[in-house]
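As provided, start_22.cif (mmCIF, C-alpha atoms) reads as follows.
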```cif
data_query
loop_
_atom_site.group_PDB
_atom_site.id
_atom_site.type_symbol
_atom_site.label_atom_id
_atom_site.label_comp_id
_atom_site.auth_asym_id
_atom_site.auth_seq_id
_atom_site.Cartn_x
_atom_site.Cartn_y
_atom_site.Cartn_z
ATOM 1 C CA MET T 98 -8.925 21.946 -14.846
ATOM 2 C CA ASN T 99 -5.504 23.308 -15.731
ATOM 3 C CA GLY T 100 -2.344 21.182 -15.819
ATOM 4 C CA VAL T 101 -1.116 22.150 -12.346
ATOM 5 C CA GLY T 102 -4.493 21.490 -10.738
ATOM 6 C CA GLN T 103 -4.777 18.141 -12.470
ATOM 7 C CA LEU T 104 -1.263 17.159 -11.357
ATOM 8 C CA ALA T 105 -2.055 18.189 -7.774
ATOM 9 C CA MET T 106 -5.299 16.161 -7.787
ATOM 10 C CA GLU T 107 -3.532 13.120 -9.220
ATOM 11 C CA SER T 108 -0.812 13.415 -6.563
ATOM 12 C CA LEU T 109 -3.415 13.594 -3.803
ATOM 13 C CA VAL T 110 -5.180 10.509 -5.153
ATOM 14 C CA ASN T 111 -1.854 8.637 -5.330
ATOM 15 C CA ILE T 112 -1.059 9.553 -1.718
ATOM 16 C CA LEU T 113 -4.481 8.392 -0.543
ATOM 17 C CA ILE T 114 -4.166 5.128 -2.474
ATOM 18 C CA SER T 115 -0.715 4.532 -0.972
ATOM 19 C CA LEU T 116 -1.831 5.211 2.597
ATOM 20 C CA GLY T 117 -4.989 3.156 2.138
ATOM 21 C CA SER T 118 -2.959 0.243 0.777
ATOM 22 C CA ILE T 119 -0.555 0.353 3.725
ATOM 23 C CA VAL T 120 -3.452 0.402 6.210
ATOM 24 C CA PHE T 121 -5.140 -2.445 4.314
ATOM 25 C CA CYS T 122 -1.962 -4.560 4.429
ATOM 26 C CA TRP T 123 -1.507 -3.729 8.128
ATOM 27 C CA TRP T 124 -5.071 -4.941 8.806
ATOM 28 C CA ILE T 125 -4.456 -8.163 6.879
ATOM 29 C CA LEU T 126 -1.123 -8.828 8.604
ATOM 30 C CA THR T 127 -2.595 -8.384 12.086
ATOM 31 C CA GLY T 128 -4.220 -11.776 11.540
ATOM 32 C CA VAL T 129 -0.816 -13.473 11.280
ATOM 33 C CA ARG T 130 0.576 -15.142 14.385
ATOM 34 C CA TRP T 131 3.888 -13.305 14.594
ATOM 35 C CA ASP T 132 4.677 -14.900 17.980
ATOM 36 C CA VAL T 133 5.509 -18.114 16.105
ATOM 37 C CA LEU T 134 8.183 -16.313 14.063
ATOM 38 C CA ILE T 135 9.619 -13.973 16.720
ATOM 39 C CA ARG T 136 11.570 -14.927 19.811
ATOM 40 C CA PRO T 137 9.790 -14.503 23.151
ATOM 41 C CA ASN T 138 9.830 -11.024 24.753
ATOM 42 C CA ARG T 139 10.579 -9.269 21.446
ATOM 43 C CA VAL T 140 7.325 -7.314 21.202
ATOM 44 C CA MET T 141 8.887 -4.101 19.857
ATOM 45 C CA GLN T 142 10.780 -5.971 17.152
ATOM 46 C CA ALA T 143 7.610 -7.807 16.146
ATOM 47 C CA ARG T 144 5.725 -4.502 15.828
ATOM 48 C CA LEU T 145 8.538 -2.980 13.783
ATOM 49 C CA LEU T 146 8.586 -6.032 11.526
ATOM 50 C CA LEU T 147 4.827 -5.729 11.074
ATOM 51 C CA SER T 148 5.235 -2.051 10.190
ATOM 52 C CA VAL T 149 8.003 -2.661 7.659
ATOM 53 C CA VAL T 150 6.211 -5.588 6.012
ATOM 54 C CA SER T 151 2.990 -3.539 5.831
ATOM 55 C CA ILE T 152 4.801 -0.634 4.179
ATOM 56 C CA VAL T 153 6.570 -2.865 1.659
ATOM 57 C CA LEU T 154 3.443 -4.817 0.721
ATOM 58 C CA GLY T 155 1.282 -1.689 0.774
ATOM 59 C CA HIS T 156 3.689 0.114 -1.547
ATOM 60 C CA GLY T 157 3.600 -2.810 -3.969
ATOM 61 C CA LEU T 158 -0.188 -2.918 -3.901
ATOM 62 C CA ALA T 159 -0.473 0.857 -4.327
ATOM 63 C CA SER T 160 1.970 0.832 -7.236
ATOM 64 C CA PHE T 161 -0.109 -1.819 -8.956
ATOM 65 C CA VAL T 162 -3.384 0.067 -8.406
ATOM 66 C CA ILE T 163 -1.907 3.400 -9.544
ATOM 67 C CA ASP T 164 -0.360 1.799 -12.638
ATOM 68 C CA TYR T 165 -3.625 0.025 -13.422
ATOM 69 C CA LEU T 166 -5.582 3.284 -13.182
ATOM 70 C CA GLY T 167 -3.094 4.981 -15.495
ATOM 71 C CA TRP T 168 -3.235 2.152 -18.026
ATOM 72 C CA SER T 169 -7.029 2.106 -18.017
ATOM 73 C CA ARG T 170 -7.061 5.862 -18.732
ATOM 74 C CA LEU T 171 -4.681 5.307 -21.650
ATOM 75 C CA VAL T 172 -6.873 2.527 -23.057
ATOM 76 C CA GLY T 173 -9.834 4.905 -22.854
ATOM 77 C CA THR T 174 -8.019 7.416 -25.040
ATOM 78 C CA LEU T 175 -7.106 4.655 -27.500
ATOM 79 C CA LEU T 176 -10.749 3.668 -28.000
ATOM 80 C CA ARG T 177 -11.926 7.210 -28.794
#
```
What is this file in structure tokens?
Amino acid sequence: MNGVGQLAMESLVNILISLGSIVFCWWILTGVRWDVLIRPNRVMQARLLLSVVSIVLGHGLASFVIDYLGWSRLVGTLLR
């Protein structure tokens, strides 16, 4: 695969990892009782908070996974 094709494939994988991580964090955070933290009748604000927290945590998780994959590829070239 040429350099452009490889870069495009890597970008697609990074996007999928990022979106998957955000969805995974959203799923985990739906188990939290947000009604304890949010004032009554603030449903929209609770949903927005859930969205923002999911994006922030998902981005952190995706960054870790992407970095880890990159490091493991570099270690593979070191051992050759």
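With all atoms listed in the file taken into account, the protein and nucleic acid residues at most 12 Å from Arg130 in chain T (excluding it and anything under 5 positions from it in its own chain) are Ile125, Ile135, Ala143, Arg144 and Leu147 of chain T.
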Open item on the list: Counting all atoms listed in the file, which residues sit no farther than 10 Å from the position (7.1, -11.2, 17.9) in the file's frame? I'd like them as a list in words.
Closed with: Arg130, Trp131, Asp132, Val133, Leu134, Ile135, Arg136, Pro137, Asn138, Arg139, Val140, Met141, Gln142, Ala143, Arg144, Leu145, Leu146 and Leu147 of chain T
Write to file, as a PDB file, in the coordinates of the input, the residues of the selection just made, with C-alpha atoms.
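Listing of again_38.pdb after writing:
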```
ATOM      1  CA  ARG T 130       0.576 -15.142  14.385  1.00  0.00           C
ATOM      2  CA  TRP T 131       3.888 -13.305  14.594  1.00  0.00           C
ATOM      3  CA  ASP T 132       4.677 -14.900  17.980  1.00  0.00           C
ATOM      4  CA  VAL T 133       5.509 -18.114  16.105  1.00  0.00           C
ATOM      5  CA  LEU T 134       8.183 -16.313  14.063  1.00  0.00           C
ATOM      6  CA  ILE T 135       9.619 -13.973  16.720  1.00  0.00           C
ATOM      7  CA  ARG T 136      11.570 -14.927  19.811  1.00  0.00           C
ATOM      8  CA  PRO T 137       9.790 -14.503  23.151  1.00  0.00           C
ATOM      9  CA  ASN T 138       9.830 -11.024  24.753  1.00  0.00           C
ATOM     10  CA  ARG T 139      10.579  -9.269  21.446  1.00  0.00           C
ATOM     11  CA  VAL T 140       7.325  -7.314  21.202  1.00  0.00           C
ATOM     12  CA  MET T 141       8.887  -4.101  19.857  1.00  0.00           C
ATOM     13  CA  GLN T 142      10.780  -5.971  17.152  1.00  0.00           C
ATOM     14  CA  ALA T 143       7.610  -7.807  16.146  1.00  0.00           C
ATOM     15  CA  ARG T 144       5.725  -4.502  15.828  1.00  0.00           C
ATOM     16  CA  LEU T 145       8.538  -2.980  13.783  1.00  0.00           C
ATOM     17  CA  LEU T 146       8.586  -6.032  11.526  1.00  0.00           C
ATOM     18  CA  LEU T 147       4.827  -5.729  11.074  1.00  0.00           C
TER      19      LEU T 147
END
```
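Computed from the coordinates, the CA of Gly173 in chain T to CA of Ser115 in chain T distance equals 23.7 Å.
Considering only C-alpha atoms, the residue among T:Thr174, T:Ser160, T:Ser151, T:Asn99 positioned nearest to Leu113 in chain T is T:Ser160.
For the pair CA of Cys122 in chain T and CA of Val153 in chain T, the interatomic distance is 9.1 Å.
Counting only C-alpha atoms and comparing T:Leu171, T:Leu176, T:Leu154, T:Val101, the residue that lies closest to Gly117 in chain T is T:Leu154.
Take CA of Gly128 in chain T and CA of Tyr165 in chain T: the distance between them is 27.6 Å.
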Open item on the list: So that I can see what lies close to Ser118 in chain T, please list as a PyMOL selection string the residues with an atom at most 8 Å from it, counting all atoms listed in the file and leaving out residues fewer than 3 positions away in the same chain.
Closed with: chain T and resi 114-115+121-122+155-156+158-159
- [ ] Point out the residue among T:Asn111, T:Trp124, T:Trp168, T:Gln103 with the least atom-to-atom distance to Ile152 in chain T, counting only C-alpha atoms.
- [x] T:Trp124
